[in-house]
$ cat data23.cif   # mmCIF, C-alpha atoms
data_run
#
loop_
_atom_site.group_PDB
_atom_site.id
_atom_site.type_symbol
_atom_site.label_atom_id
_atom_site.label_comp_id
_atom_site.auth_asym_id
_atom_site.auth_seq_id
_atom_site.Cartn_x
_atom_site.Cartn_y
_atom_site.Cartn_z
ATOM 1 C CA MET A 502 5.274 -10.158 22.221
ATOM 2 C CA TYR A 503 2.900 -7.668 20.551
ATOM 3 C CA PHE A 504 -0.411 -8.347 18.804
ATOM 4 C CA TYR A 505 -1.904 -6.170 16.077
ATOM 5 C CA GLN A 506 -4.666 -6.058 13.504
ATOM 6 C CA ALA A 507 -4.171 -5.137 9.818
ATOM 7 C CA TYR A 508 -5.683 -6.338 6.531
ATOM 8 C CA GLY A 509 -8.117 -8.491 8.466
ATOM 9 C CA LEU A 510 -5.187 -10.415 9.964
ATOM 10 C CA THR A 511 -3.913 -10.779 13.508
ATOM 11 C CA ILE A 512 -0.178 -10.098 13.506
ATOM 12 C CA LYS A 513 2.095 -11.314 16.308
ATOM 13 C CA SER A 514 5.446 -9.550 16.455
ATOM 14 C CA THR A 515 8.556 -9.589 18.600
ATOM 15 C CA LEU A 516 9.092 -6.004 17.414
ATOM 16 C CA GLU A 517 6.793 -3.216 18.489
ATOM 17 C CA LEU A 518 4.865 -1.914 15.462
ATOM 18 C CA PRO A 519 3.212 1.294 16.699
ATOM 19 C CA GLU A 520 1.828 2.128 13.243
ATOM 20 C CA LEU A 521 -0.635 -0.758 13.597
ATOM 21 C CA VAL A 522 -3.847 -1.066 15.596
ATOM 22 C CA SER A 523 -3.479 -3.215 18.713
ATOM 23 C CA SER A 524 -5.443 -6.457 18.845
ATOM 24 C CA ARG A 525 -6.843 -8.444 21.753
ATOM 25 C CA LYS A 526 -6.762 -11.626 19.700
ATOM 26 C CA LEU A 527 -3.902 -13.918 20.625
ATOM 27 C CA GLU A 528 -4.258 -16.440 17.785
ATOM 28 C CA ALA A 529 -1.972 -15.071 15.077
ATOM 29 C CA ASP A 530 -2.406 -15.299 11.314
ATOM 30 C CA VAL A 531 1.020 -13.764 10.698
ATOM 31 C CA THR A 532 4.169 -13.849 12.843
ATOM 32 C CA VAL A 533 7.021 -11.322 12.664
ATOM 33 C CA GLN A 534 10.290 -12.305 14.338
ATOM 34 C CA ILE A 535 14.025 -11.610 14.412
ATOM 35 C CA ASP A 536 16.252 -14.614 13.660
ATOM 36 C CA LYS A 537 19.372 -15.625 11.802
ATOM 37 C CA LEU A 538 18.862 -16.622 8.147
ATOM 38 C CA SER A 539 21.915 -18.791 7.670
ATOM 39 C CA ASN A 540 20.388 -20.551 4.627
ATOM 40 C CA SER A 541 19.831 -17.371 2.625
ATOM 41 C CA PRO A 542 20.783 -17.896 -1.050
ATOM 42 C CA LEU A 543 21.337 -14.162 -1.611
ATOM 43 C CA SER A 544 24.704 -12.683 -2.534
ATOM 44 C CA ILE A 545 24.583 -9.355 -0.741
ATOM 45 C CA ASN A 546 28.108 -8.054 -1.240
ATOM 46 C CA ASN A 547 28.181 -4.638 -2.906
ATOM 47 C CA VAL A 548 24.452 -4.603 -3.734
ATOM 48 C CA ALA A 549 21.773 -2.225 -2.498
ATOM 49 C CA HIS A 550 18.883 -4.641 -2.994
ATOM 50 C CA CYS A 551 18.343 -8.197 -4.183
ATOM 51 C CA TYR A 552 15.749 -10.936 -3.944
ATOM 52 C CA GLN A 553 15.161 -14.588 -4.811
ATOM 53 C CA LEU A 554 12.137 -16.875 -4.681
ATOM 54 C CA THR A 555 12.934 -20.336 -3.300
ATOM 55 C CA SER A 556 10.946 -23.379 -2.244
ATOM 56 C CA GLU A 557 11.255 -22.065 1.311
ATOM 57 C CA GLY A 558 9.827 -18.628 0.538
ATOM 58 C CA MET A 559 10.778 -15.185 -0.769
ATOM 59 C CA TYR A 560 14.183 -13.895 0.326
ATOM 60 C CA THR A 561 14.850 -10.160 0.035
ATOM 61 C CA TYR A 562 17.742 -7.960 1.107
ATOM 62 C CA TRP A 563 18.057 -4.184 1.517
ATOM 63 C CA GLU A 564 21.361 -2.497 2.240
ATOM 64 C CA GLY A 565 21.386 -0.961 5.720
ATOM 65 C CA VAL A 566 18.275 -2.931 6.737
ATOM 66 C CA GLY A 567 18.850 -6.667 6.484
ATOM 67 C CA THR A 568 17.621 -9.917 4.967
ATOM 68 C CA PHE A 569 13.954 -10.930 5.106
ATOM 69 C CA LEU A 570 12.358 -14.318 4.532
ATOM 70 C CA VAL A 571 8.620 -14.205 3.852
ATOM 71 C CA LYS A 572 6.971 -17.587 3.599
ATOM 72 C CA GLU A 573 3.601 -19.332 3.247
ATOM 73 C CA GLY A 574 1.635 -16.136 3.806
ATOM 74 C CA LYS A 575 2.189 -16.326 7.537
ATOM 75 C CA ASP A 576 5.835 -15.767 8.542
ATOM 76 C CA ILE A 577 8.162 -12.784 8.264
ATOM 77 C CA ILE A 578 11.659 -13.586 9.540
ATOM 78 C CA ILE A 579 14.201 -10.757 9.688
ATOM 79 C CA ASP A 580 17.954 -10.994 9.985
ATOM 80 C CA PRO A 581 18.860 -7.318 10.441
ATOM 81 C CA VAL A 582 22.241 -5.772 9.780
ATOM 82 C CA THR A 583 23.980 -4.548 12.920
ATOM 83 C CA GLU A 584 23.366 -0.844 12.329
ATOM 84 C CA SER A 585 19.738 -1.181 11.248
ATOM 85 C CA GLU A 586 17.328 1.146 13.061
ATOM 86 C CA GLU A 587 13.938 -0.138 14.177
ATOM 87 C CA CYS A 588 12.094 2.567 12.232
ATOM 88 C CA ARG A 589 13.741 1.337 9.020
ATOM 89 C CA LEU A 590 12.919 -2.275 9.859
ATOM 90 C CA ARG A 591 9.273 -1.297 10.426
ATOM 91 C CA LEU A 592 9.157 0.547 7.111
ATOM 92 C CA PHE A 593 10.120 -2.615 5.224
ATOM 93 C CA ILE A 594 8.001 -4.942 7.388
ATOM 94 C CA LEU A 595 4.862 -2.883 6.783
ATOM 95 C CA GLY A 596 5.686 -2.289 3.122
ATOM 96 C CA ALA A 597 7.442 -4.932 1.071
ATOM 97 C CA ALA A 598 7.190 -7.822 3.548
ATOM 98 C CA ILE A 599 3.486 -7.416 4.273
ATOM 99 C CA GLY A 600 2.889 -6.933 0.523
ATOM 100 C CA ILE A 601 4.472 -10.330 -0.134
ATOM 101 C CA ILE A 602 2.484 -11.914 2.717
ATOM 102 C CA LEU A 603 -0.790 -10.649 1.251
ATOM 103 C CA HIS A 604 0.176 -11.866 -2.217
ATOM 104 C CA GLN A 605 1.042 -15.290 -0.824
ATOM 105 C CA ARG A 606 -2.381 -15.398 0.811
ATOM 106 C CA GLY A 607 -4.050 -15.065 -2.600
ATOM 107 C CA LEU A 608 -5.018 -11.396 -2.450
ATOM 108 C CA LEU A 609 -4.564 -8.904 -5.272
ATOM 109 C CA VAL A 610 -2.088 -6.331 -3.960
ATOM 110 C CA LEU A 611 -1.857 -2.886 -5.555
ATOM 111 C CA HIS A 612 0.673 -0.122 -4.958
ATOM 112 C CA GLY A 613 -1.651 2.744 -4.113
ATOM 113 C CA SER A 614 -3.661 4.609 -1.519
ATOM 114 C CA GLY A 615 -7.316 4.192 -0.652
ATOM 115 C CA VAL A 616 -10.125 6.092 1.060
ATOM 116 C CA ASP A 617 -13.767 5.503 1.888
ATOM 117 C CA ILE A 618 -16.031 7.833 -0.085
ATOM 118 C CA GLU A 619 -19.703 7.417 0.816
ATOM 119 C CA GLY A 620 -19.257 3.791 1.856
ATOM 120 C CA GLN A 621 -17.266 2.816 -1.237
ATOM 121 C CA ALA A 622 -13.545 2.254 -1.608
ATOM 122 C CA ALA A 623 -11.731 4.591 -3.984
ATOM 123 C CA VAL A 624 -8.144 3.612 -4.779
ATOM 124 C CA PHE A 625 -5.490 5.865 -6.291
ATOM 125 C CA LEU A 626 -2.710 4.384 -8.429
ATOM 126 C CA GLY A 627 0.169 5.979 -10.297
ATOM 127 C CA ASN A 628 3.880 6.350 -10.716
ATOM 128 C CA LYS A 629 6.076 7.474 -7.851
ATOM 129 C CA GLY A 630 5.551 11.160 -7.108
ATOM 130 C CA ARG A 631 2.160 11.456 -8.787
ATOM 131 C CA GLY A 632 0.410 12.189 -5.479
ATOM 132 C CA LYS A 633 -1.362 9.014 -4.366
ATOM 133 C CA SER A 634 -0.758 9.650 -0.668
ATOM 134 C CA THR A 635 -1.249 13.410 -1.023
ATOM 135 C CA ILE A 636 -4.709 13.038 -2.562
ATOM 136 C CA ALA A 637 -5.704 10.395 0.001
ATOM 137 C CA ALA A 638 -4.519 12.689 2.817
ATOM 138 C CA ASN A 639 -6.489 15.656 1.487
ATOM 139 C CA LEU A 640 -9.626 13.525 1.203
ATOM 140 C CA ASN A 641 -8.978 12.219 4.704
ATOM 141 C CA VAL A 642 -8.823 15.684 6.297
ATOM 142 C CA LYS A 643 -12.186 16.422 4.632
ATOM 143 C CA GLY A 644 -13.677 13.560 6.629
ATOM 144 C CA HIS A 645 -13.277 10.574 4.315
ATOM 145 C CA ASN A 646 -11.946 7.529 6.162
ATOM 146 C CA LEU A 647 -8.477 6.331 5.224
ATOM 147 C CA ILE A 648 -8.319 2.683 4.131
ATOM 148 C CA GLY A 649 -4.594 2.394 3.543
ATOM 149 C CA ASP A 650 -1.487 3.981 2.083
ATOM 150 C CA ASP A 651 1.097 2.266 -0.124
ATOM 151 C CA VAL A 652 -0.138 -1.364 0.111
ATOM 152 C CA ILE A 653 -3.766 -1.961 -0.916
ATOM 153 C CA ALA A 654 -5.111 -5.516 -0.599
ATOM 154 C CA ILE A 655 -8.191 -6.676 -2.519
ATOM 155 C CA ASP A 656 -10.108 -9.873 -1.793
ATOM 156 C CA LEU A 657 -11.773 -11.340 -4.888
ATOM 157 C CA GLY A 658 -13.151 -14.414 -3.170
ATOM 158 C CA GLY A 659 -16.768 -13.231 -3.268
ATOM 159 C CA ASP A 660 -19.165 -11.758 -5.796
ATOM 160 C CA TRP A 661 -17.562 -8.311 -5.616
ATOM 161 C CA PRO A 662 -13.964 -7.138 -5.005
ATOM 162 C CA MET A 663 -13.514 -6.023 -1.396
ATOM 163 C CA VAL A 664 -10.721 -3.813 -0.024
ATOM 164 C CA LEU A 665 -9.212 -4.843 3.317
ATOM 165 C CA PRO A 666 -8.407 -2.084 5.848
ATOM 166 C CA ALA A 667 -4.656 -1.557 6.278
ATOM 167 C CA PHE A 668 -3.495 0.675 9.147
ATOM 168 C CA PRO A 669 -3.885 4.378 10.062
ATOM 169 C CA GLN A 670 -0.674 5.884 8.689
ATOM 170 C CA LEU A 671 0.117 8.227 5.806
ATOM 171 C CA LYS A 672 3.655 8.753 4.499
ATOM 172 C CA LEU A 673 3.926 12.329 3.217
ATOM 173 C CA TRP A 674 6.558 14.654 1.786
ATOM 174 C CA PRO A 675 6.771 18.106 3.433
ATOM 175 C CA ASP A 676 4.885 19.891 0.633
ATOM 176 C CA ALA A 677 2.037 17.390 0.984
ATOM 177 C CA VAL A 678 1.912 18.051 4.739
ATOM 178 C CA THR A 679 1.762 21.790 4.026
ATOM 179 C CA SER A 680 -1.157 21.221 1.632
ATOM 180 C CA LEU A 681 -3.125 19.892 4.614
ATOM 181 C CA GLY A 682 -2.589 23.157 6.531
ATOM 182 C CA MET A 683 -0.012 21.525 8.811
ATOM 183 C CA GLN A 684 3.638 22.245 9.574
ATOM 184 C CA PRO A 685 6.021 19.456 8.456
ATOM 185 C CA GLU A 686 8.294 20.014 11.456
ATOM 186 C CA ASN A 687 5.370 19.062 13.726
ATOM 187 C CA LEU A 688 5.348 15.529 12.298
ATOM 188 C CA PRO A 689 8.128 12.991 12.903
ATOM 189 C CA LEU A 690 10.439 11.878 10.122
ATOM 190 C CA LEU A 691 9.513 8.497 8.712
ATOM 191 C CA VAL A 692 13.161 7.482 8.966
ATOM 192 C CA PRO A 693 16.293 9.572 9.648
ATOM 193 C CA HIS A 694 17.936 11.272 6.656
ATOM 194 C CA LEU A 695 14.646 11.232 4.675
ATOM 195 C CA GLU A 696 12.321 14.232 4.624
ATOM 196 C CA LYS A 697 9.185 12.131 4.290
ATOM 197 C CA ARG A 698 6.889 12.505 7.312
ATOM 198 C CA ASP A 699 4.894 10.035 9.375
ATOM 199 C CA ARG A 700 1.279 11.127 9.849
ATOM 200 C CA ARG A 701 -0.759 8.847 12.098
ATOM 201 C CA VAL A 702 -4.492 9.095 11.464
ATOM 202 C CA LYS A 703 -6.133 9.289 14.876
ATOM 203 C CA LYS A 704 -9.629 9.681 13.479
ATOM 204 C CA CYS A 705 -11.276 8.861 10.165
ATOM 205 C CA PHE A 706 -9.769 5.408 9.633
ATOM 206 C CA ARG A 707 -11.924 2.688 8.105
ATOM 207 C CA ASP A 708 -11.441 -0.517 10.105
ATOM 208 C CA ARG A 709 -13.819 -2.775 8.129
ATOM 209 C CA ILE A 710 -13.817 -4.162 4.595
ATOM 210 C CA LEU A 711 -15.375 -2.063 1.846
ATOM 211 C CA PRO A 712 -16.520 -2.800 -1.709
ATOM 212 C CA LEU A 713 -14.077 -1.517 -4.300
ATOM 213 C CA LYS A 714 -15.986 0.801 -6.623
ATOM 214 C CA HIS A 715 -13.495 3.272 -8.063
ATOM 215 C CA ILE A 716 -9.892 3.204 -9.259
ATOM 216 C CA PHE A 717 -8.196 6.422 -10.336
ATOM 217 C CA VAL A 718 -4.915 6.193 -12.257
ATOM 218 C CA LEU A 719 -3.029 9.431 -11.673
ATOM 219 C CA GLY A 720 -1.298 11.275 -14.482
ATOM 220 C CA LYS A 721 0.021 14.690 -15.416
ATOM 221 C CA ASP A 722 -1.624 17.198 -17.768
ATOM 222 C CA THR A 723 -2.076 20.942 -18.152
ATOM 223 C CA SER A 724 -5.666 20.832 -16.898
ATOM 224 C CA LEU A 725 -7.587 19.044 -14.167
ATOM 225 C CA GLU A 726 -9.964 16.365 -15.412
ATOM 226 C CA ILE A 727 -11.206 12.808 -15.004
ATOM 227 C CA LYS A 728 -11.713 10.730 -18.109
ATOM 228 C CA PRO A 729 -12.313 7.007 -18.619
ATOM 229 C CA LEU A 730 -9.421 4.773 -19.521
ATOM 230 C CA LYS A 731 -9.524 3.069 -22.874
ATOM 231 C CA PRO A 732 -10.357 -0.657 -22.487
ATOM 232 C CA GLN A 733 -6.968 -1.683 -23.894
ATOM 233 C CA GLU A 734 -5.222 0.489 -21.297
ATOM 234 C CA VAL A 735 -6.980 -0.853 -18.196
ATOM 235 C CA ILE A 736 -5.154 -4.188 -17.935
ATOM 236 C CA ARG A 737 -1.805 -2.531 -18.637
ATOM 237 C CA TYR A 738 -2.231 0.045 -15.872
ATOM 238 C CA LEU A 739 -3.380 -2.579 -13.365
ATOM 239 C CA ILE A 740 -0.346 -4.766 -14.095
ATOM 240 C CA MET A 741 1.973 -1.742 -13.839
ATOM 241 C CA ASN A 742 0.618 -0.985 -10.377
ATOM 242 C CA LEU A 743 0.753 -4.481 -8.895
ATOM 243 C CA TYR A 744 2.762 -4.212 -5.692
ATOM 244 C CA VAL A 745 4.763 -7.369 -6.299
ATOM 245 C CA THR A 746 6.123 -6.244 -9.689
ATOM 246 C CA ARG A 747 8.900 -4.527 -7.719
ATOM 247 C CA PHE A 748 10.277 -8.068 -7.436
ATOM 248 C CA GLY A 749 10.236 -8.571 -11.197
ATOM 249 C CA ASN A 750 8.208 -11.598 -12.286
ATOM 250 C CA GLU A 751 9.393 -13.776 -9.390
ATOM 251 C CA LEU A 752 6.115 -13.710 -7.459
ATOM 252 C CA LEU A 753 3.866 -13.782 -10.518
ATOM 253 C CA LYS A 754 5.334 -16.886 -12.139
ATOM 254 C CA ALA A 755 3.961 -19.373 -9.599
ATOM 255 C CA ASN A 756 0.300 -18.781 -10.475
ATOM 256 C CA GLN A 757 0.313 -16.398 -13.406
ATOM 257 C CA SER A 758 -3.032 -17.476 -14.916
ATOM 258 C CA SER A 759 -4.859 -17.023 -11.607
ATOM 259 C CA HIS A 760 -3.339 -13.583 -11.130
ATOM 260 C CA PHE A 761 -4.309 -12.492 -14.645
ATOM 261 C CA ALA A 762 -7.857 -13.727 -13.987
ATOM 262 C CA LYS A 763 -8.039 -11.476 -10.902
ATOM 263 C CA ILE A 764 -6.833 -8.468 -12.862
ATOM 264 C CA THR A 765 -9.384 -9.188 -15.585
ATOM 265 C CA GLN A 766 -12.145 -9.422 -12.975
ATOM 266 C CA ILE A 767 -11.188 -6.013 -11.563
ATOM 267 C CA ALA A 768 -11.127 -4.534 -15.072
ATOM 268 C CA GLN A 769 -14.617 -5.866 -15.797
ATOM 269 C CA GLN A 770 -16.294 -4.887 -12.528
ATOM 270 C CA ILE A 771 -14.716 -1.630 -11.374
ATOM 271 C CA SER A 772 -14.970 1.930 -12.658
ATOM 272 C CA ILE A 773 -11.389 2.775 -13.696
ATOM 273 C CA ASP A 774 -10.617 6.331 -14.757
ATOM 274 C CA ARG A 775 -7.630 8.540 -15.475
ATOM 275 C CA LEU A 776 -7.248 11.478 -13.073
ATOM 276 C CA LEU A 777 -5.098 14.104 -14.772
ATOM 277 C CA ARG A 778 -3.792 17.239 -13.086
ATOM 278 C CA PRO A 779 -0.949 19.758 -13.248
ATOM 279 C CA ASP A 780 1.866 19.750 -10.684
ATOM 280 C CA ASP A 781 0.173 22.436 -8.598
ATOM 281 C CA LEU A 782 -0.662 21.749 -4.952
ATOM 282 C CA ASN A 783 -2.970 24.775 -4.974
ATOM 283 C CA LEU A 784 -5.336 22.687 -7.107
ATOM 284 C CA LEU A 785 -5.750 19.990 -4.440
ATOM 285 C CA PRO A 786 -9.047 21.408 -3.076
ATOM 286 C CA ALA A 787 -10.453 21.424 -6.616
ATOM 287 C CA THR A 788 -9.073 17.899 -7.158
ATOM 288 C CA VAL A 789 -10.816 16.614 -4.039
ATOM 289 C CA THR A 790 -14.114 18.234 -5.089
ATOM 290 C CA LEU A 791 -13.805 16.752 -8.577
ATOM 291 C CA ILE A 792 -13.285 13.266 -7.120
ATOM 292 C CA GLU A 793 -16.224 13.633 -4.718
ATOM 293 C CA ASN A 794 -18.532 14.837 -7.498
ATOM 294 C CA HIS A 795 -17.379 12.043 -9.814
ATOM 295 C CA VAL A 796 -18.107 9.357 -7.196
ATOM 296 C CA THR A 797 -21.529 10.865 -6.418
ATOM 297 C CA LYS A 798 -22.386 11.047 -10.129
ATOM 298 C CA LYS A 799 -21.410 7.390 -10.603
ATOM 299 C CA GLN A 800 -23.555 6.357 -7.636
ATOM 300 C CA LEU A 801 -26.583 8.188 -8.993
ATOM 301 C CA ALA A 802 -26.108 6.580 -12.392
ATOM 302 C CA VAL A 803 -26.313 3.053 -10.948
#

$ encode --input "data23.cif" --output "structure tokens"
Amino acid sequence: MYFYQAYGLTIKSTLELPELVSSRKLEADVTVQIDKLSNSPLSINNVAHCYQLTSEGMYTYWEGVGTFLVKEGKDIIIDPVTESEECRLRLFILGAAIGIILHQRGLLVLHGSGVDIEGQAAVFLGNKGRGKSTIAANLNVKGHNLIGDDVIAIDLGGDWPMVLPAFPQLKLWPDAVTSLGMQPENLPLLVPHLEKRDRRVKKCFRDRILPLKHIFVLGKDTSLEIKPLKPQEVIRYLIMNLYVTRFGNELLKANQSSHFAKITQIAQQISIDRLLRPDDLNLLPATVTLIENHVTKKQLAV
């Protein structure tokens, strides 16, 4: 049995999860285990992915991986397919399954990447391929602590939204690795048959909660600039980047009014801007400088 720390939770797992930070605590908040899911309601024949919310919990299936049951914000049960590799199981445990767990625990979960800039959390959102992880990685190598990549959890239980530290891993495509001055072949593949690389952050990882102060929604344009989002756009972009929307409306239906209230709170309290840039990795140093200057300017204005 292995014990880890992530998102302020102690995770007990029958599978080794080397991406996570080991924990000395033995009282688990979340348990990960392998078991048969004979009561699964899912019809998995000839489908790549399916899901269903039941009174027992959220069932999900991925072809070549297996069936997962995530329930009550504390249990992840996996019934893997015979040929499933552990690295693929870990990818889904630490992505979709942990995203559902955090949602079930009442946190606002965004699909993005986050870094610590001068003691404040800056989170990057955007469509697939817009460079969330790449920008976070480039900020990280400049000395800004990584908060998390892919699954960002926000606690709105206090006076100010707080971002919970995830785990010290970045998932990067080869060109993003090259932008850091590294060789892609020196980093392991995230999973076989996929060119995305697994970069473990040995230093510069933020292991404590941070106030959320900045959200940047990434977009494409011919020039590099940061400009404020229009008020009517803010809610729309936040909803688009909720992690659990990948499961349709299944996970939002149960407590839709509460979830909308959280999104509204974020929209009212946090600086949310549009970060526009061309598809040119040579502009990443300038992008990082622009972000740093923007955050500093906002701090001075407070």

$ closest_residue --input "data23.cif" --among "A:Asp780, A:Ile602, A:Lys763, A:Arg589" --to "Asp676 in chain A" --atoms "all atoms listed in the file"
A:Asp780

$ residues_near_point --input "data23.cif" --point "(4.2, 5.2, 14.5)" --cutoff "12 Å" --atoms "all atoms listed in the file" --output "list in words"
Glu517, Leu518, Pro519, Glu520, Leu521, Val522, Glu587, Cys588, Arg589, Arg591, Leu592, Leu595, Phe668, Pro669, Gln670, Leu671, Lys672, Leu688, Pro689, Leu690, Leu691, Val692, Arg698, Asp699, Arg700, Arg701, Val702 and Lys703 of chain A

$ closest_residue --input "data23.cif" --among "A:Ile773, A:Val531, A:Ala622, A:Leu665" --to "Ile710 in chain A" --atoms "only C-alpha atoms"
A:Leu665

$ closest_residue --input "data23.cif" --among "A:Ile636, A:Met741, A:Leu626, A:Leu657" --to "Gly720 in chain A" --atoms "all atoms listed in the file"
A:Leu626

$ resolve_selection --input "data23.cif" --expression "the PyMOL selection byres ((chain A and resi 538) around 8)" --output "NGL selection string"
:A and (536-537 or 539-541 or 568 or 570 or 578-580)

$ atom_distance --input "data23.cif" --atom1 "CA of Thr679 in chain A" --atom2 "CA of Lys629 in chain A"
19.1 Å

$ atom_distance --input "data23.cif" --atom1 "CA of Leu739 in chain A" --atom2 "CA of Ala667 in chain A"
19.7 Å

$ resolve_selection --input "data23.cif" --expression "the PyMOL selection byres ((chain A and resi 743) around 8)" --output "number ranges by chain"
A: 609-612, 739-742, 744-746

$ residues_around --input "data23.cif" --residues "Lys731 in chain A" --least-positions-apart "4" --cutoff "10 Å" --atoms "only C-alpha atoms" --output "PyMOL selection string"
chain A and resi 735-736+773-775

$ atom_distance --input "data23.cif" --atom1 "CA of Pro712 in chain A" --atom2 "CA of Ile601 in chain A"
22.4 Å

$ closest_residue --input "data23.cif" --among "A:Arg707, A:Leu603, A:Thr555, A:Asn547" --to "Glu751 in chain A" --atoms "only C-alpha atoms"
A:Thr555

$ closest_residue --input "data23.cif" --among "A:Val571, A:Met663, A:Ala787, A:Ile792" --to "Met559 in chain A" --atoms "all atoms listed in the file"
A:Val571

$ closest_residue --input "data23.cif" --among "A:Leu713, A:Leu543, A:Ile512, A:Leu527" --to "Lys575 in chain A" --atoms "all atoms listed in the file"
A:Ile512

$ resolve_selection --input "data23.cif" --expression "the PyMOL selection byres ((chain A and resi 790) around 12)" --output "PDB file with C-alpha atoms, in the frame of the given file"
ATOM      1  CA  ILE A 618     -16.031   7.833  -0.085  1.00  0.00           C
ATOM      2  CA  ILE A 636      -4.709  13.038  -2.562  1.00  0.00           C
ATOM      3  CA  ASN A 639      -6.489  15.656   1.487  1.00  0.00           C
ATOM      4  CA  LEU A 640      -9.626  13.525   1.203  1.00  0.00           C
ATOM      5  CA  LYS A 643     -12.186  16.422   4.632  1.00  0.00           C
ATOM      6  CA  LEU A 725      -7.587  19.044 -14.167  1.00  0.00           C
ATOM      7  CA  GLU A 726      -9.964  16.365 -15.412  1.00  0.00           C
ATOM      8  CA  ILE A 727     -11.206  12.808 -15.004  1.00  0.00           C
ATOM      9  CA  LEU A 784      -5.336  22.687  -7.107  1.00  0.00           C
ATOM     10  CA  LEU A 785      -5.750  19.990  -4.440  1.00  0.00           C
ATOM     11  CA  PRO A 786      -9.047  21.408  -3.076  1.00  0.00           C
ATOM     12  CA  ALA A 787     -10.453  21.424  -6.616  1.00  0.00           C
ATOM     13  CA  THR A 788      -9.073  17.899  -7.158  1.00  0.00           C
ATOM     14  CA  VAL A 789     -10.816  16.614  -4.039  1.00  0.00           C
ATOM     15  CA  LEU A 791     -13.805  16.752  -8.577  1.00  0.00           C
ATOM     16  CA  ILE A 792     -13.285  13.266  -7.120  1.00  0.00           C
ATOM     17  CA  GLU A 793     -16.224  13.633  -4.718  1.00  0.00           C
ATOM     18  CA  ASN A 794     -18.532  14.837  -7.498  1.00  0.00           C
ATOM     19  CA  HIS A 795     -17.379  12.043  -9.814  1.00  0.00           C
ATOM     20  CA  VAL A 796     -18.107   9.357  -7.196  1.00  0.00           C
ATOM     21  CA  THR A 797     -21.529  10.865  -6.418  1.00  0.00           C
TER      22      THR A 797
END

$ residues_around --input "data23.cif" --residues "Gly567 in chain A" --least-positions-apart "6" --cutoff "9 Å" --atoms "all atoms listed in the file" --output "PyMOL selection string"
chain A and resi 561+579-583+585+590

$ axis_aligned_box --input "data23.cif" --around "range 745-752 of chain A" --padding-each-side "6 Å" --output "AutoDock Vina command-line options"
--center_x 7.5 --center_y -9.2 --center_z -9.3 --size_x 17.5 --size_y 21.2 --size_z 18.0
